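Read the structure below first, then the notes.
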Amino acid sequence: MPERATVPEGHLEAQLLAKGVRMTRQRKAILRVIETSGEHVDAVTLLERARKLDRKVDRVTVYRTLGMLKKHGLVDELDLMHLHGGQHYYEVKPGRHHLHLACRKCGRVEELHSELLDRLEGQIKREKRFQIADIRVEVGGLCARCQSDGAKP
């Protein structure tokens, strides 16, 4: 599974409550899974894990909650180079933009925070007077482990 940094538990709930969104037990379970997973999660995995916290969580609630989180700008939806077919993954919108490095052999995904990306963001803002809401950069290739196995991208 693609790894990612976590956020404090309750972060998403607090953000939604501040926007006037009603909190159900099922939504709370979904939010908890997203916040504490330690990896980018797809909707199926999210459903399975949320059901362990509240067995009444259903597929519709998962997709509606993901849509609401995207609408409020609280999560990003990623395809991660389509390494696992057409699956989409979700992560809490980070405070700082980052790149995703996807290994085409083993499927591992790592996040990379880069000062170069920070400088590029600043340059875009200054030169184009463009207000950036999202940056998604995915890099496909081979991780160090797969390179040592002699694989080719």
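Residue names in the structure tokens use chain letters A, B, ... in the order shown, residue numbers from 1 in each chain, and ligand numbers from 1 in the order shown.
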*Taking the backbone alone, and naming residues the way the document does, which bits of chain A are alpha helix (DSSP H) by DSSP, as a ChimeraX atom specification?*
/A:11-18,25-36,43-53,59-71,115-128,144-148
*asked:* Residues within 12 Å of Arg51 of chain A, please, as a ChimeraX atom specification. Count only C-alpha atoms; anything in the same chain fewer than 2 positions from it doesn't count.
replied: /A:25-30,32-33,44-49,53-59,61-62
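Restricting the calculation to only C-alpha atoms, the smallest distance between Gly73 of chain A and any of A:Glu121, A:Glu110, A:Asp134, A:Asp149 is found for A:Asp134.
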*asked:* Quick one: residues within 9 Å of Asp118 of chain A, only C-alpha atoms, excluding same-chain residues fewer than 6 positions away - as a list of chain:residue names?
replied: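 Listing them by chain and then by number gives A:Arg96, A:His97, A:His98.
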Could the residues of segment 37-118 of chain A that have an atom at most 10 Å from segment 6-14 of chain A be listed as JSON lines, each with its closest atom pair and the distance in Å to one decimal, counting only C-alpha atoms and ordered by chain and ascending residue number?
{"residue": "A:Ser37", "atom": "CA", "partner": "A:Thr6", "partner_atom": "CA", "distance": 7.1}
{"residue": "A:Gly38", "atom": "CA", "partner": "A:Thr6", "partner_atom": "CA", "distance": 5.4}
{"residue": "A:Glu39", "atom": "CA", "partner": "A:Thr6", "partner_atom": "CA", "distance": 7.9}
{"residue": "A:His40", "atom": "CA", "partner": "A:Thr6", "partner_atom": "CA", "distance": 9.6}
{"residue": "A:Leu69", "atom": "CA", "partner": "A:Leu12", "partner_atom": "CA", "distance": 8.5}
{"residue": "A:Leu74", "atom": "CA", "partner": "A:Leu12", "partner_atom": "CA", "distance": 7.3}
{"residue": "A:Val75", "atom": "CA", "partner": "A:Leu12", "partner_atom": "CA", "distance": 9.2}
{"residue": "A:Glu91", "atom": "CA", "partner": "A:Thr6", "partner_atom": "CA", "distance": 8.7}
{"residue": "A:Val92", "atom": "CA", "partner": "A:Val7", "partner_atom": "CA", "distance": 7.5}
{"residue": "A:Lys93", "atom": "CA", "partner": "A:Val7", "partner_atom": "CA", "distance": 9.7}
{"residue": "A:Pro94", "atom": "CA", "partner": "A:Val7", "partner_atom": "CA", "distance": 8.8}
Keeping all heavy atoms, export the residues of the selection given above as a compact mmCIF listing (two decimals), in the first residue's frame.
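New file selection02.txt:
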# COMPACT_ATOMS: atom_id res chain seq x y z
N SER A 37 -4.64 5.86 8.96
CA SER A 37 -4.22 4.71 8.16
C SER A 37 -2.71 4.62 7.94
O SER A 37 -2.18 3.54 7.80
CB SER A 37 -4.93 4.71 6.81
OG SER A 37 -4.48 5.80 6.04
N GLY A 38 -2.03 5.75 7.86
CA GLY A 38 -0.59 5.72 7.60
C GLY A 38 -0.26 5.41 6.16
O GLY A 38 0.91 5.23 5.80
N GLU A 39 -1.27 5.30 5.32
CA GLU A 39 -1.07 5.04 3.89
C GLU A 39 -2.21 5.67 3.12
O GLU A 39 -3.25 6.00 3.68
CB GLU A 39 -1.00 3.53 3.63
CG GLU A 39 -2.25 2.79 4.06
CD GLU A 39 -2.09 1.28 4.06
OE1 GLU A 39 -0.96 0.79 3.91
OE2 GLU A 39 -3.10 0.59 4.20
N HIS A 40 -2.01 5.83 1.83
CA HIS A 40 -3.10 6.28 0.98
C HIS A 40 -4.10 5.13 0.90
O HIS A 40 -3.69 3.99 0.72
CB HIS A 40 -2.58 6.61 -0.42
CG HIS A 40 -1.50 7.65 -0.44
ND1 HIS A 40 -0.18 7.32 -0.31
CD2 HIS A 40 -1.56 8.98 -0.57
CE1 HIS A 40 0.55 8.42 -0.37
NE2 HIS A 40 -0.26 9.45 -0.52
N LEU A 69 -15.67 15.42 1.48
CA LEU A 69 -14.32 15.82 1.87
C LEU A 69 -13.59 16.50 0.71
O LEU A 69 -12.88 17.49 0.90
CB LEU A 69 -13.52 14.61 2.36
CG LEU A 69 -13.96 14.03 3.70
CD1 LEU A 69 -13.34 12.66 3.92
CD2 LEU A 69 -13.60 14.98 4.84
N LEU A 74 -10.63 19.00 1.76
CA LEU A 74 -9.94 18.38 2.89
C LEU A 74 -9.16 17.12 2.52
O LEU A 74 -8.31 16.68 3.28
CB LEU A 74 -10.95 18.06 4.00
CG LEU A 74 -11.66 19.27 4.58
CD1 LEU A 74 -12.77 18.85 5.54
CD2 LEU A 74 -10.66 20.19 5.28
N VAL A 75 -9.48 16.52 1.38
CA VAL A 75 -8.72 15.36 0.91
C VAL A 75 -8.38 15.54 -0.56
O VAL A 75 -9.07 16.25 -1.29
CB VAL A 75 -9.46 14.00 1.10
CG1 VAL A 75 -9.73 13.71 2.55
CG2 VAL A 75 -10.71 13.93 0.27
N GLU A 91 -5.96 10.92 0.39
CA GLU A 91 -5.10 11.36 1.48
C GLU A 91 -5.61 12.69 1.98
O GLU A 91 -6.19 13.48 1.23
CB GLU A 91 -3.64 11.48 1.04
CG GLU A 91 -3.34 12.63 0.10
CD GLU A 91 -1.86 12.78 -0.22
OE1 GLU A 91 -1.02 12.16 0.44
OE2 GLU A 91 -1.56 13.54 -1.15
N VAL A 92 -5.42 12.92 3.27
CA VAL A 92 -5.77 14.22 3.84
C VAL A 92 -4.93 15.26 3.13
O VAL A 92 -3.73 15.07 2.91
CB VAL A 92 -5.51 14.25 5.36
CG1 VAL A 92 -5.80 15.63 5.94
CG2 VAL A 92 -6.35 13.18 6.06
N LYS A 93 -5.57 16.35 2.74
CA LYS A 93 -4.84 17.41 2.02
C LYS A 93 -3.68 17.88 2.90
O LYS A 93 -3.88 18.31 4.02
CB LYS A 93 -5.79 18.56 1.71
CG LYS A 93 -5.34 19.42 0.58
CD LYS A 93 -6.51 20.29 0.17
CE LYS A 93 -6.45 20.80 -1.20
NZ LYS A 93 -6.62 20.06 -2.32
N PRO A 94 -2.49 17.78 2.36
CA PRO A 94 -1.32 18.12 3.17
C PRO A 94 -1.16 19.63 3.35
O PRO A 94 -1.63 20.41 2.54
CB PRO A 94 -0.15 17.56 2.36
CG PRO A 94 -0.65 17.60 0.95
CD PRO A 94 -2.13 17.35 1.02
*segment 135-140 of chain A environment, 6 Å, only C-alpha atoms, sequence neighbours closer than 4 positions dropped, as a VMD selection string*: chain A and resid 99 to 103
Residues just named, written with N, CA and C atoms as an mmCIF file, in the first residue's frame:
data_model
loop_
_atom_site.group_PDB
_atom_site.id
_atom_site.type_symbol
_atom_site.label_atom_id
_atom_site.label_comp_id
_atom_site.auth_asym_id
_atom_site.auth_seq_id
_atom_site.Cartn_x
_atom_site.Cartn_y
_atom_site.Cartn_z
ATOM 1 N N LEU A 99 5.553 15.411 -3.757
ATOM 2 C CA LEU A 99 5.531 14.538 -4.922
ATOM 3 C C LEU A 99 5.261 13.110 -4.458
ATOM 4 N N HIS A 100 4.743 12.290 -5.361
ATOM 5 C CA HIS A 100 4.568 10.867 -5.095
ATOM 6 C C HIS A 100 5.493 10.106 -6.035
ATOM 7 N N LEU A 101 6.350 9.261 -5.462
ATOM 8 C CA LEU A 101 7.277 8.439 -6.224
ATOM 9 C C LEU A 101 6.711 7.023 -6.245
ATOM 10 N N ALA A 102 6.338 6.544 -7.432
ATOM 11 C CA ALA A 102 5.668 5.256 -7.568
ATOM 12 C C ALA A 102 6.575 4.246 -8.253
ATOM 13 N N CYS A 103 6.848 3.133 -7.578
ATOM 14 C CA CYS A 103 7.681 2.074 -8.150
ATOM 15 C C CYS A 103 6.822 1.215 -9.072
#
*Would you give me, as number ranges by chain, the residues in chain A that DSSP reads as strand (DSSP E or B)?*
A: 3, 39, 41-42, 75-78, 89-92, 99-103, 109-112, 137-141
_Counting only C-alpha atoms, the option among A:Arg104, A:Gly122, A:Asp76, A:Met81 closest to Ile34 of chain A_ =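 Among the listed residues, A:Asp76 lies closest to Ile34 of chain A.
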*Rank nothing, just name the residue among A:His72, A:Gln87, A:Val41, A:Thr65 nearest to Gln15 of chain A, using only C-alpha atoms.*
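Of A:His72, A:Gln87, A:Val41, A:Thr65, the one nearest Gln15 of chain A, counting only C-alpha atoms, is A:His72.
Here atom CA of Leu31 of chain A and atom CA of Gln131 of chain A stand 28.1 Å from one another.
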